[in-house]
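Engineer: I'd like to ask some things about the structure below.
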Amino acid sequence: MPRFNTSSAFPLRKAALVTLILTGWLGGAQAQTIYPIDRADILEGSKFDFKVEFPDAPKPDAVKVTINGASVESVLGKAGTFIESEEGQKHSALWAREVSLAPGRYVVEAVQGDAKKTVVWNVFPASGPRKAKNVILFIGDGMSIAHRTAARILSKGWREGKYDSELAIDDMPNMALISTSGNDTIVTDSANSASAYTTGHKSCVNALGVYCAKNALSLDHPKVETIGELVKRKTKMALGVVTNTEIEDATPASMVAHTRRRSDFNEIVKMFLEVKPDVMMGGGSPNFLPKTTPGSKRSDDLDAIAKFREAGYTIATTKTEMNAAAAAGASKLLGLYNTGNIDGAFDLRLAKKGSVSKFPDQPDVTEQTRAALKILSANPDGFFLMVESGRIDKYSHSLDWERAVFDTIMLDNAVKVAKDFAADRNDTLIIVVPDHTHAVSLIGTYDDNRPGQLLRDKLGVYDKSLPPNYGPLDADGFPTDVNTSRRLAVVFGTYPDTCDTGKPFMDGERVPSVAGADPKTFVANEKDCTAPGAARKAGNLPFEANTGVHSADDGLLTAMGPNAEKFRGRKDNTFVFRVMAEALSLGGK
């Protein structure tokens, strides 16, 4: 499992390295820290790094660590490595890297002087009969209840209090609320939250596949194995990662990455090279190009595209090339369709803004999903596919709800493709879930025919919230005109100083605020403020914020297929990993 190669990790600057045959181990008063953390649920046989940090840099004979009352070595099968004053910091550390455990309850106790720290781990079994041949995990980044509701109104229609039909993401038999907080904060980010799905472990903001320890370098933190690595290490299944963001961005990277800093794009590309998913599709090509190539964002000479080509991958840079590769029976595909994020459905279909003119042949998430399924399903041992509609989140940050909802409809169409694939078989687990939510709500409709000049005059609530009159739907369920006289009123609960216009932004993605006289302070974008009737809003975020932020609201998960019946009530985001691991029987050695 290449990502757990730690030969070059964990610099020992000014540290004394002592190998201990541990009879009992570490600990430390109020500041002792043990990784994995308390109440961690760990997949049997999965790899993880065990670490204990002791304050005040004690020597090894001043600490003791036990697991279920026994030595670390006897339980983990490895002697720990003790580092005094790790990295020259005021703590010492015990490491046992790349270990695994059999199912059971484990009590870890670290003692340092009079101080004792205890954590409890639950190692769960997942080595029974395999229930699913395939798993498809759809992540609507930032997708909240209002996104789903607005998508249903726009795409399916509404008459006399009932919807004309169901979204594919709603018409699924199993449902649960998913809580998304990290172990450090109530409100999480996409790295930490997606990593919970792909590893089953909690972590902190900006982290992927690691616990956040005191290590100075982003790649040196305690690692936990990802589901992408598990699939490649333990099975002969195919692996796919599909997104409309940069492929190195948080959610797709969570399938393979181990870093404290999600912005380590160049390192994340190397991690993709080590794991080698059979299908990889998204944007972000500059980080795959050697630094000598114009437009490259790398700081080294790695030509990742050439490396993938040497490994047997077909390279696609357009939708046409993608479809040709799938039709020709390609078994491995790297698709990089934009230097940045792939444009969303609103711009691809209606506004033609963003980078559409520069990249006129970009595939959307639905088309990528169709091609990925064609390639991956050729594997007789099944596949694991993660599909992200990532710009739901990005457009929600810019308070551009129409673009976010168009990408929700696009995700729904992709789920429909997956459901059609699974329709005649009972071997595919399909999960649809946000990684986190936004504070967004649908509160009524704006009606230009209502009297008054101000935007609030145009807002109809309760009995005045008449249905919108968007233009007719195209063949894929997208309205062909959203700049109509009566529109949904979708509002955000977090915002910088800004001005609402109540109308879609046909000239490009919304820019809610701009830098003020102090470049670290953001003010309302006056271009919006001059629109007829625009409502000026004093922000409720810190002055240095220029977009909306995430919320801690639970997300809604829907699912179908083998093991989907486990989803009911409220669950933690780490539970999603457990259901998938059990369905694929990824436990054991």
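Order determines the names: the first chain of the structure tokens is A, the second B, and so forth; residues in each chain are numbered 1 upward, and ligands are numbered 1 upward as they are shown.
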Within 8 Å of Thr188 in chain A, counting only C-alpha atoms, which residues qualify if same-chain residues fewer than 2 places away don't, as a ChimeraX atom specification?
Structural biologist: /A:180-182,185-186,190,192-193,204-205,436,550-552
Engineer: Let's have the selection written as a PDB file, in the first residue's frame, with C-alpha atoms.
Structural biologist:
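Below you can see out.pdb, which holds the result:
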```pdb
ATOM      1  CA  THR A 180     -20.763  16.310   9.509  1.00  0.00           C
ATOM      2  CA  SER A 181     -18.708  18.001  12.254  1.00  0.00           C
ATOM      3  CA  GLY A 182     -14.981  17.339  12.460  1.00  0.00           C
ATOM      4  CA  THR A 185     -14.796  22.224  15.031  1.00  0.00           C
ATOM      5  CA  ILE A 186     -18.570  22.149  14.787  1.00  0.00           C
ATOM      6  CA  SER A 190     -14.869  19.544   2.340  1.00  0.00           C
ATOM      7  CA  ASN A 192     -12.282  16.712   6.536  1.00  0.00           C
ATOM      8  CA  SER A 193     -15.891  15.811   5.757  1.00  0.00           C
ATOM      9  CA  CYS A 204      -9.779  18.444  11.389  1.00  0.00           C
ATOM     10  CA  VAL A 205     -10.415  21.243   8.911  1.00  0.00           C
ATOM     11  CA  HIS A 436     -21.511  19.231   4.438  1.00  0.00           C
ATOM     12  CA  HIS A 550     -20.574  26.230   5.462  1.00  0.00           C
ATOM     13  CA  SER A 551     -23.113  25.306   8.118  1.00  0.00           C
ATOM     14  CA  ALA A 552     -23.253  22.521  10.699  1.00  0.00           C
TER      15      ALA A 552
END
```
Engineer: Residues near Phe406 in chain A, anyone? I mean within 12 Å using only C-alpha atoms, not counting same-chain ones fewer than 2 positions away, as a PDB file with N, CA and C atoms, in the first residue's frame.
Structural biologist:
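Written out: selection.pdb:
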```
ATOM      1  N   GLY A 140     -22.778  15.374  -3.328  1.00  0.00           N
ATOM      2  CA  GLY A 140     -23.161  16.723  -3.722  1.00  0.00           C
ATOM      3  C   GLY A 140     -22.497  17.685  -2.757  1.00  0.00           C
ATOM      4  N   MET A 143     -24.434  20.280  -0.744  1.00  0.00           N
ATOM      5  CA  MET A 143     -25.843  20.161  -1.116  1.00  0.00           C
ATOM      6  C   MET A 143     -26.736  20.100   0.123  1.00  0.00           C
ATOM      7  N   HIS A 147     -31.323  23.114  -1.760  1.00  0.00           N
ATOM      8  CA  HIS A 147     -30.852  22.787  -3.109  1.00  0.00           C
ATOM      9  C   HIS A 147     -31.722  21.691  -3.723  1.00  0.00           C
ATOM     10  N   ARG A 148     -32.016  20.673  -2.943  1.00  0.00           N
ATOM     11  CA  ARG A 148     -32.830  19.567  -3.441  1.00  0.00           C
ATOM     12  C   ARG A 148     -34.250  20.044  -3.745  1.00  0.00           C
ATOM     13  N   THR A 149     -34.813  20.853  -2.867  1.00  0.00           N
ATOM     14  CA  THR A 149     -36.186  21.334  -3.067  1.00  0.00           C
ATOM     15  C   THR A 149     -36.277  22.213  -4.301  1.00  0.00           C
ATOM     16  N   ALA A 150     -35.346  23.154  -4.436  1.00  0.00           N
ATOM     17  CA  ALA A 150     -35.360  24.037  -5.600  1.00  0.00           C
ATOM     18  C   ALA A 150     -35.127  23.251  -6.885  1.00  0.00           C
ATOM     19  N   ALA A 151     -34.236  22.260  -6.840  1.00  0.00           N
ATOM     20  CA  ALA A 151     -33.995  21.427  -8.023  1.00  0.00           C
ATOM     21  C   ALA A 151     -35.257  20.673  -8.426  1.00  0.00           C
ATOM     22  N   ARG A 152     -36.021  20.213  -7.440  1.00  0.00           N
ATOM     23  CA  ARG A 152     -37.261  19.495  -7.736  1.00  0.00           C
ATOM     24  C   ARG A 152     -38.282  20.416  -8.393  1.00  0.00           C
ATOM     25  N   ILE A 153     -38.380  21.649  -7.901  1.00  0.00           N
ATOM     26  CA  ILE A 153     -39.326  22.606  -8.490  1.00  0.00           C
ATOM     27  C   ILE A 153     -38.907  22.951  -9.914  1.00  0.00           C
ATOM     28  N   LEU A 154     -37.625  23.266 -10.104  1.00  0.00           N
ATOM     29  CA  LEU A 154     -37.154  23.684 -11.430  1.00  0.00           C
ATOM     30  C   LEU A 154     -37.212  22.544 -12.438  1.00  0.00           C
ATOM     31  N   SER A 155     -36.846  21.345 -11.989  1.00  0.00           N
ATOM     32  CA  SER A 155     -36.672  20.242 -12.930  1.00  0.00           C
ATOM     33  C   SER A 155     -37.914  19.386 -13.125  1.00  0.00           C
ATOM     34  N   ASP A 343     -16.693  23.920 -15.940  1.00  0.00           N
ATOM     35  CA  ASP A 343     -17.831  24.822 -15.822  1.00  0.00           C
ATOM     36  C   ASP A 343     -19.092  24.060 -15.437  1.00  0.00           C
ATOM     37  N   GLY A 344     -19.965  24.729 -14.689  1.00  0.00           N
ATOM     38  CA  GLY A 344     -21.200  24.125 -14.234  1.00  0.00           C
ATOM     39  C   GLY A 344     -22.277  24.120 -15.299  1.00  0.00           C
ATOM     40  N   ALA A 345     -23.378  23.450 -14.988  1.00  0.00           N
ATOM     41  CA  ALA A 345     -24.455  23.252 -15.961  1.00  0.00           C
ATOM     42  C   ALA A 345     -25.089  24.568 -16.402  1.00  0.00           C
ATOM     43  N   PHE A 346     -25.184  25.541 -15.516  1.00  0.00           N
ATOM     44  CA  PHE A 346     -25.809  26.827 -15.857  1.00  0.00           C
ATOM     45  C   PHE A 346     -25.046  27.516 -16.976  1.00  0.00           C
ATOM     46  N   ASP A 347     -23.724  27.493 -16.894  1.00  0.00           N
ATOM     47  CA  ASP A 347     -22.917  28.134 -17.929  1.00  0.00           C
ATOM     48  C   ASP A 347     -22.783  27.261 -19.168  1.00  0.00           C
ATOM     49  N   LEU A 348     -22.680  25.954 -18.997  1.00  0.00           N
ATOM     50  CA  LEU A 348     -22.589  25.069 -20.153  1.00  0.00           C
ATOM     51  C   LEU A 348     -23.851  25.122 -21.000  1.00  0.00           C
ATOM     52  N   ARG A 349     -25.009  25.339 -20.368  1.00  0.00           N
ATOM     53  CA  ARG A 349     -26.278  25.255 -21.081  1.00  0.00           C
ATOM     54  C   ARG A 349     -26.899  26.610 -21.403  1.00  0.00           C
ATOM     55  N   LEU A 350     -26.810  27.553 -20.461  1.00  0.00           N
ATOM     56  CA  LEU A 350     -27.552  28.810 -20.638  1.00  0.00           C
ATOM     57  C   LEU A 350     -26.652  30.019 -20.863  1.00  0.00           C
ATOM     58  N   ALA A 351     -25.856  30.343 -19.854  1.00  0.00           N
ATOM     59  CA  ALA A 351     -25.157  31.629 -19.872  1.00  0.00           C
ATOM     60  C   ALA A 351     -23.920  31.639 -20.761  1.00  0.00           C
ATOM     61  N   ASP A 364     -20.157  17.303 -18.765  1.00  0.00           N
ATOM     62  CA  ASP A 364     -20.709  17.585 -17.442  1.00  0.00           C
ATOM     63  C   ASP A 364     -20.635  16.317 -16.597  1.00  0.00           C
ATOM     64  N   VAL A 365     -21.078  16.399 -15.350  1.00  0.00           N
ATOM     65  CA  VAL A 365     -20.957  15.272 -14.428  1.00  0.00           C
ATOM     66  C   VAL A 365     -21.759  14.067 -14.908  1.00  0.00           C
ATOM     67  N   SER A 389     -20.438  16.239  -7.545  1.00  0.00           N
ATOM     68  CA  SER A 389     -20.886  17.483  -8.154  1.00  0.00           C
ATOM     69  C   SER A 389     -20.386  18.593  -7.235  1.00  0.00           C
ATOM     70  N   GLY A 390     -19.181  19.058  -7.508  1.00  0.00           N
ATOM     71  CA  GLY A 390     -18.463  19.888  -6.560  1.00  0.00           C
ATOM     72  C   GLY A 390     -18.813  21.363  -6.583  1.00  0.00           C
ATOM     73  N   ARG A 391     -19.406  21.809  -7.695  1.00  0.00           N
ATOM     74  CA  ARG A 391     -19.634  23.247  -7.793  1.00  0.00           C
ATOM     75  C   ARG A 391     -20.951  23.679  -7.143  1.00  0.00           C
ATOM     76  N   ILE A 392     -21.755  22.719  -6.668  1.00  0.00           N
ATOM     77  CA  ILE A 392     -22.883  23.094  -5.805  1.00  0.00           C
ATOM     78  C   ILE A 392     -22.338  23.915  -4.640  1.00  0.00           C
ATOM     79  N   ASP A 393     -21.255  23.445  -4.080  1.00  0.00           N
ATOM     80  CA  ASP A 393     -20.627  24.145  -2.968  1.00  0.00           C
ATOM     81  C   ASP A 393     -20.001  25.465  -3.411  1.00  0.00           C
ATOM     82  N   TYR A 395     -20.592  27.418  -5.952  1.00  0.00           N
ATOM     83  CA  TYR A 395     -21.581  28.440  -6.295  1.00  0.00           C
ATOM     84  C   TYR A 395     -22.354  28.905  -5.057  1.00  0.00           C
ATOM     85  N   SER A 396     -22.492  28.035  -4.064  1.00  0.00           N
ATOM     86  CA  SER A 396     -23.149  28.454  -2.830  1.00  0.00           C
ATOM     87  C   SER A 396     -22.258  29.412  -2.046  1.00  0.00           C
ATOM     88  N   ASP A 400     -24.626  32.202  -5.346  1.00  0.00           N
ATOM     89  CA  ASP A 400     -25.215  32.109  -6.687  1.00  0.00           C
ATOM     90  C   ASP A 400     -26.078  30.843  -6.733  1.00  0.00           C
ATOM     91  N   TRP A 401     -27.314  30.975  -6.201  1.00  0.00           N
ATOM     92  CA  TRP A 401     -28.101  29.758  -5.997  1.00  0.00           C
ATOM     93  C   TRP A 401     -28.551  29.121  -7.299  1.00  0.00           C
ATOM     94  N   GLU A 402     -28.813  29.907  -8.346  1.00  0.00           N
ATOM     95  CA  GLU A 402     -29.263  29.287  -9.602  1.00  0.00           C
ATOM     96  C   GLU A 402     -28.197  28.335 -10.151  1.00  0.00           C
ATOM     97  N   ARG A 403     -26.944  28.782 -10.128  1.00  0.00           N
ATOM     98  CA  ARG A 403     -25.878  27.900 -10.609  1.00  0.00           C
ATOM     99  C   ARG A 403     -25.744  26.663  -9.721  1.00  0.00           C
ATOM    100  N   ALA A 404     -25.870  26.849  -8.406  1.00  0.00           N
ATOM    101  CA  ALA A 404     -25.787  25.706  -7.494  1.00  0.00           C
ATOM    102  C   ALA A 404     -26.909  24.709  -7.749  1.00  0.00           C
ATOM    103  N   THR A 408     -27.157  20.799  -9.008  1.00  0.00           N
ATOM    104  CA  THR A 408     -27.903  19.770  -8.281  1.00  0.00           C
ATOM    105  C   THR A 408     -28.734  18.940  -9.253  1.00  0.00           C
ATOM    106  N   ILE A 409     -29.366  19.602 -10.220  1.00  0.00           N
ATOM    107  CA  ILE A 409     -30.105  18.872 -11.256  1.00  0.00           C
ATOM    108  C   ILE A 409     -29.151  17.980 -12.053  1.00  0.00           C
ATOM    109  N   MET A 410     -27.968  18.506 -12.352  1.00  0.00           N
ATOM    110  CA  MET A 410     -26.970  17.713 -13.074  1.00  0.00           C
ATOM    111  C   MET A 410     -26.581  16.472 -12.278  1.00  0.00           C
ATOM    112  N   LEU A 411     -26.378  16.630 -10.974  1.00  0.00           N
ATOM    113  CA  LEU A 411     -26.086  15.467 -10.126  1.00  0.00           C
ATOM    114  C   LEU A 411     -27.241  14.477 -10.173  1.00  0.00           C
ATOM    115  N   ASP A 412     -28.453  14.989 -10.124  1.00  0.00           N
ATOM    116  CA  ASP A 412     -29.617  14.107 -10.165  1.00  0.00           C
ATOM    117  C   ASP A 412     -29.654  13.304 -11.460  1.00  0.00           C
ATOM    118  N   ASN A 413     -29.298  13.933 -12.559  1.00  0.00           N
ATOM    119  CA  ASN A 413     -29.253  13.210 -13.834  1.00  0.00           C
ATOM    120  C   ASN A 413     -28.178  12.131 -13.818  1.00  0.00           C
ATOM    121  N   ASP A 476     -33.118  17.338 -20.757  1.00  0.00           N
ATOM    122  CA  ASP A 476     -32.460  16.840 -19.552  1.00  0.00           C
ATOM    123  C   ASP A 476     -33.038  17.427 -18.269  1.00  0.00           C
ATOM    124  N   GLY A 477     -34.158  18.129 -18.384  1.00  0.00           N
ATOM    125  CA  GLY A 477     -34.834  18.632 -17.202  1.00  0.00           C
ATOM    126  C   GLY A 477     -34.324  19.963 -16.687  1.00  0.00           C
ATOM    127  N   PHE A 478     -33.597  20.709 -17.495  1.00  0.00           N
ATOM    128  CA  PHE A 478     -33.135  22.032 -17.106  1.00  0.00           C
ATOM    129  C   PHE A 478     -34.062  23.095 -17.699  1.00  0.00           C
ATOM    130  N   PRO A 479     -34.478  24.111 -16.923  1.00  0.00           N
ATOM    131  CA  PRO A 479     -35.264  25.207 -17.492  1.00  0.00           C
ATOM    132  C   PRO A 479     -34.458  25.925 -18.576  1.00  0.00           C
ATOM    133  N   THR A 480     -35.094  26.263 -19.649  1.00  0.00           N
ATOM    134  CA  THR A 480     -34.419  26.966 -20.738  1.00  0.00           C
ATOM    135  C   THR A 480     -34.423  28.478 -20.546  1.00  0.00           C
ATOM    136  N   ASP A 481     -35.148  28.960 -19.525  1.00  0.00           N
ATOM    137  CA  ASP A 481     -35.145  30.382 -19.218  1.00  0.00           C
ATOM    138  C   ASP A 481     -35.401  30.542 -17.725  1.00  0.00           C
ATOM    139  N   VAL A 482     -34.458  31.164 -17.026  1.00  0.00           N
ATOM    140  CA  VAL A 482     -34.635  31.401 -15.593  1.00  0.00           C
ATOM    141  C   VAL A 482     -34.756  32.889 -15.279  1.00  0.00           C
ATOM    142  N   PRO A 504     -31.151  36.076 -11.584  1.00  0.00           N
ATOM    143  CA  PRO A 504     -29.979  35.262 -11.913  1.00  0.00           C
ATOM    144  C   PRO A 504     -28.872  36.108 -12.527  1.00  0.00           C
TER     145      PRO A 504
END
```
Engineer: Tell me, as an NGL selection string, which residues lie within 8 Å of Leu208 in chain A, counting only C-alpha atoms; anything in the same chain fewer than 5 positions away does not count.
Structural biologist: :A and (191-192 or 195 or 203 or 250 or 253-254 or 257-262)
Engineer: For the residues in that selection, give me C-alpha atoms as a PDB file, in the first residue's frame.
Structural biologist:
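Contents of the output file result_10.pdb:
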```pdb
ATOM      1  CA  ALA A 191     -11.504  17.917   3.047  1.00  0.00           C
ATOM      2  CA  ASN A 192     -12.282  16.712   6.536  1.00  0.00           C
ATOM      3  CA  SER A 195     -12.258  12.151   4.333  1.00  0.00           C
ATOM      4  CA  SER A 203     -10.209  14.668  11.460  1.00  0.00           C
ATOM      5  CA  ALA A 250     -10.579  18.070  -1.450  1.00  0.00           C
ATOM      6  CA  ALA A 253      -8.390  13.817  -3.267  1.00  0.00           C
ATOM      7  CA  SER A 254      -9.969  12.187  -0.213  1.00  0.00           C
ATOM      8  CA  ALA A 257      -4.588  11.491  -0.112  1.00  0.00           C
ATOM      9  CA  HIS A 258      -2.771  11.868   3.214  1.00  0.00           C
ATOM     10  CA  THR A 259      -1.994  15.468   4.042  1.00  0.00           C
ATOM     11  CA  ARG A 260      -2.754  18.015   6.743  1.00  0.00           C
ATOM     12  CA  ARG A 261      -3.073  20.675   4.047  1.00  0.00           C
ATOM     13  CA  ARG A 262      -5.626  20.132   1.298  1.00  0.00           C
TER      14      ARG A 262
END
```
Engineer: Which residue gives the smallest distance to Ala213 in chain A among A:Thr243, A:Asn134, A:Ser165, A:Gln32, with only C-alpha atoms counted?
Structural biologist: A:Gln32
Engineer: Write out as number ranges by chain which residues come within 9 Å of Ala216 in chain A when counting only C-alpha atoms, dropping same-chain ones fewer than 4 positions away.
Structural biologist: A: 87, 220-221
Engineer: Using DSSP assignments from the backbone, pull out every residue in range 206-383 of chain A that falls under strand (DSSP E) and give it to me as a list in words.
Structural biologist: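 Residues meeting the strand (DSSP E) criterion: Ala238, Leu239, Gly240, Val241, Val242, Thr243, Asn244, Thr245, Glu246, Val279, Met280, Met281, Gly282, Gly283, Thr314, Ile315, Ala316, Leu333, Leu334, Gly335, Leu336 and Phe383 of chain A.
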Engineer: Enter the distance from CA of Leu239 in chain A to CA of Pro277 in chain A, in Å, rounded to one decimal.
Structural biologist: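 CA of Pro277 in chain A lies at a distance of 4.9 Å from CA of Leu239 in chain A.
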Engineer: Skip range 110-125 of chain A itself and residues of its chain fewer than 4 positions away, then list as an mmCIF file with C-alpha atoms, in the first residue's frame all residues within 10 Å of it, counting only C-alpha atoms.
Structural biologist:
```cif
data_model
loop_
_atom_site.group_PDB
_atom_site.id
_atom_site.type_symbol
_atom_site.label_atom_id
_atom_site.label_comp_id
_atom_site.auth_asym_id
_atom_site.auth_seq_id
_atom_site.Cartn_x
_atom_site.Cartn_y
_atom_site.Cartn_z
ATOM 1 C CA GLY A 24 3.662 -0.555 28.557
ATOM 2 C CA TRP A 25 3.666 2.826 27.003
ATOM 3 C CA LEU A 26 3.276 6.439 27.070
ATOM 4 C CA GLY A 27 0.917 8.876 28.423
ATOM 5 C CA GLY A 28 0.610 12.417 29.524
ATOM 6 C CA ALA A 29 -1.448 14.552 31.741
ATOM 7 C CA GLN A 30 -4.007 16.964 30.559
ATOM 8 C CA ALA A 31 -2.209 17.555 27.252
ATOM 9 C CA GLN A 32 -1.410 13.978 26.238
ATOM 10 C CA THR A 33 -2.904 13.162 22.871
ATOM 11 C CA ILE A 34 -3.566 9.728 21.393
ATOM 12 C CA TYR A 35 -4.221 8.986 17.723
ATOM 13 C CA PRO A 36 -6.589 7.490 16.633
ATOM 14 C CA ILE A 37 -8.774 9.544 18.940
ATOM 15 C CA ASP A 38 -11.356 8.463 21.493
ATOM 16 C CA ARG A 39 -14.417 6.641 20.116
ATOM 17 C CA ALA A 40 -12.732 5.990 16.789
ATOM 18 C CA ASP A 41 -14.447 3.309 14.714
ATOM 19 C CA ILE A 42 -11.736 1.405 12.847
ATOM 20 C CA LEU A 43 -12.183 -1.154 10.081
ATOM 21 C CA GLU A 44 -10.606 -4.490 10.958
ATOM 22 C CA GLY A 45 -7.413 -5.012 8.992
ATOM 23 C CA SER A 46 -7.219 -1.419 7.749
ATOM 24 C CA VAL A 52 0.914 9.344 21.288
ATOM 25 C CA GLU A 53 2.172 12.855 22.000
ATOM 26 C CA PHE A 54 3.532 13.757 25.467
ATOM 27 C CA PRO A 55 3.848 17.364 26.641
ATOM 28 C CA PRO A 58 9.743 13.596 28.542
ATOM 29 C CA PRO A 60 11.041 7.320 27.252
ATOM 30 C CA ASP A 61 11.471 5.949 30.775
ATOM 31 C CA ALA A 62 9.090 8.629 32.090
ATOM 32 C CA VAL A 63 6.065 7.397 30.189
ATOM 33 C CA LYS A 64 4.037 4.239 29.725
ATOM 34 C CA VAL A 65 1.447 3.167 27.161
ATOM 35 C CA THR A 66 -0.746 0.070 27.213
ATOM 36 C CA ILE A 67 -3.519 -1.284 25.021
ATOM 37 C CA ASN A 68 -6.057 -3.408 26.883
ATOM 38 C CA SER A 100 -3.939 -2.898 11.997
ATOM 39 C CA LEU A 101 -6.214 -4.664 14.462
ATOM 40 C CA ALA A 102 -8.669 -7.521 14.706
ATOM 41 C CA PRO A 103 -12.289 -6.736 15.659
ATOM 42 C CA GLY A 104 -12.926 -5.781 19.252
ATOM 43 C CA ARG A 105 -12.870 -3.044 21.869
ATOM 44 C CA TYR A 106 -9.509 -1.512 22.667
ATOM 45 C CA ARG A 578 -18.616 1.497 7.517
ATOM 46 C CA ALA A 581 -16.744 -1.370 3.768
ATOM 47 C CA GLU A 582 -19.221 -3.959 5.018
ATOM 48 C CA SER A 585 -16.293 -7.058 2.718
ATOM 49 C CA LEU A 586 -13.121 -4.975 2.966
ATOM 50 C CA GLY A 587 -12.195 -6.210 6.442
ATOM 51 C CA GLY A 588 -9.755 -8.934 7.390
#
```
Engineer: Thr339 in chain A: which residues within 8 Å, counting only C-alpha atoms, same-chain residues fewer than 2 positions away excluded, as JSON, numbers by chain?
Structural biologist: {"A": [246, 283, 284, 285, 286, 336, 337, 341]}
Engineer: Could you pull out the residues in range 185-241 of chain A that DSSP calls helix (DSSP H, G or I) from the backbone, as a list in words?
Structural biologist: Ser190, Ala191, Asn192, Ser193, Ala194, Ser195, Ala196, Tyr197, Thr198, Thr199, Ile227, Gly228, Glu229, Leu230, Val231, Lys232, Arg233 and Lys234 of chain A
Engineer: So which residues touch Tyr495 in chain A within 12 Å, counting only C-alpha atoms, skipping near sequence neighbours fewer than 6 positions away, as a ChimeraX atom specification?
Structural biologist: /A:396-400,438-440,511-513,522-524,536-551
Engineer: How would the residues just picked look written out with N, CA and C atoms as a CSV table (one decimal), in the first residue's frame?
Structural biologist:
```
chain,number,residue,atom,x,y,z
A,396,SER,N,-22.5,28.0,-4.1
A,396,SER,CA,-23.1,28.5,-2.8
A,396,SER,C,-22.3,29.4,-2.0
A,397,HIS,N,-21.0,29.2,-2.1
A,397,HIS,CA,-20.0,30.2,-1.5
A,397,HIS,C,-20.2,31.6,-2.1
A,398,SER,N,-20.4,31.6,-3.4
A,398,SER,CA,-20.6,32.9,-4.1
A,398,SER,C,-22.0,33.4,-4.1
A,399,LEU,N,-22.9,32.7,-3.3
A,399,LEU,CA,-24.3,33.1,-3.1
A,399,LEU,C,-25.0,33.1,-4.4
A,400,ASP,N,-24.6,32.2,-5.3
A,400,ASP,CA,-25.2,32.1,-6.7
A,400,ASP,C,-26.1,30.8,-6.7
A,438,HIS,N,-24.8,24.1,3.5
A,438,HIS,CA,-24.8,25.5,3.6
A,438,HIS,C,-26.0,26.0,4.2
A,439,ALA,N,-26.0,27.2,4.8
A,439,ALA,CA,-27.1,27.9,5.4
A,439,ALA,C,-28.0,28.5,4.3
A,440,VAL,N,-28.8,27.7,3.7
A,440,VAL,CA,-29.6,28.2,2.5
A,440,VAL,C,-31.0,27.8,2.7
A,511,VAL,N,-20.3,37.7,-7.9
A,511,VAL,CA,-19.2,38.1,-7.0
A,511,VAL,C,-19.9,38.9,-5.9
A,512,PRO,N,-20.2,38.4,-4.8
A,512,PRO,CA,-21.0,39.1,-3.8
A,512,PRO,C,-20.3,40.2,-3.1
A,513,SER,N,-18.9,40.2,-3.0
A,513,SER,CA,-18.2,41.3,-2.4
A,513,SER,C,-16.8,41.4,-3.0
A,522,PHE,N,-13.6,43.2,3.1
A,522,PHE,CA,-14.4,43.1,1.9
A,522,PHE,C,-15.7,43.9,2.1
A,523,VAL,N,-16.1,44.5,1.0
A,523,VAL,CA,-17.3,45.3,1.0
A,523,VAL,C,-18.2,44.9,-0.1
A,524,ALA,N,-19.5,45.3,-0.1
A,524,ALA,CA,-20.4,44.9,-1.1
A,524,ALA,C,-20.0,45.3,-2.5
A,536,ARG,N,-29.4,46.2,-0.2
A,536,ARG,CA,-28.0,46.2,0.5
A,536,ARG,C,-28.1,45.5,1.8
A,537,LYS,N,-27.2,44.6,2.1
A,537,LYS,CA,-27.2,43.8,3.3
A,537,LYS,C,-25.9,43.9,4.0
A,538,ALA,N,-25.9,44.3,5.3
A,538,ALA,CA,-24.7,44.3,6.1
A,538,ALA,C,-24.4,42.9,6.4
A,539,GLY,N,-23.1,42.5,6.2
A,539,GLY,CA,-22.7,41.1,6.4
A,539,GLY,C,-22.8,40.7,7.8
A,540,ASN,N,-23.0,39.3,8.0
A,540,ASN,CA,-23.0,38.7,9.3
A,540,ASN,C,-21.7,37.9,9.5
A,541,LEU,N,-20.8,37.9,8.6
A,541,LEU,CA,-19.5,37.2,8.7
A,541,LEU,C,-18.4,38.2,9.1
A,542,PRO,N,-17.3,37.6,9.5
A,542,PRO,CA,-16.1,38.5,9.8
A,542,PRO,C,-15.8,39.3,8.6
A,543,PHE,N,-15.2,40.5,8.8
A,543,PHE,CA,-15.0,41.4,7.7
A,543,PHE,C,-14.0,40.9,6.7
A,544,GLU,N,-13.2,39.9,7.0
A,544,GLU,CA,-12.2,39.4,6.0
A,544,GLU,C,-12.9,38.3,5.2
A,545,ALA,N,-14.1,38.0,5.4
A,545,ALA,CA,-14.8,37.0,4.6
A,545,ALA,C,-15.4,37.7,3.3
A,546,ASN,N,-15.2,37.0,2.2
A,546,ASN,CA,-15.7,37.6,0.9
A,546,ASN,C,-16.8,36.7,0.3
A,547,THR,N,-17.1,35.5,0.9
A,547,THR,CA,-18.1,34.6,0.4
A,547,THR,C,-18.9,34.0,1.6
A,548,GLY,N,-19.9,33.3,1.3
A,548,GLY,CA,-20.6,32.6,2.3
A,548,GLY,C,-19.8,31.4,2.9
A,549,VAL,N,-20.2,30.9,4.0
A,549,VAL,CA,-19.5,29.8,4.6
A,549,VAL,C,-20.4,28.6,4.8
A,550,HIS,N,-19.8,27.5,5.2
A,550,HIS,CA,-20.6,26.2,5.5
A,550,HIS,C,-21.4,26.3,6.7
A,551,SER,N,-22.3,25.4,6.9
A,551,SER,CA,-23.1,25.3,8.1
A,551,SER,C,-22.9,23.9,8.8
```
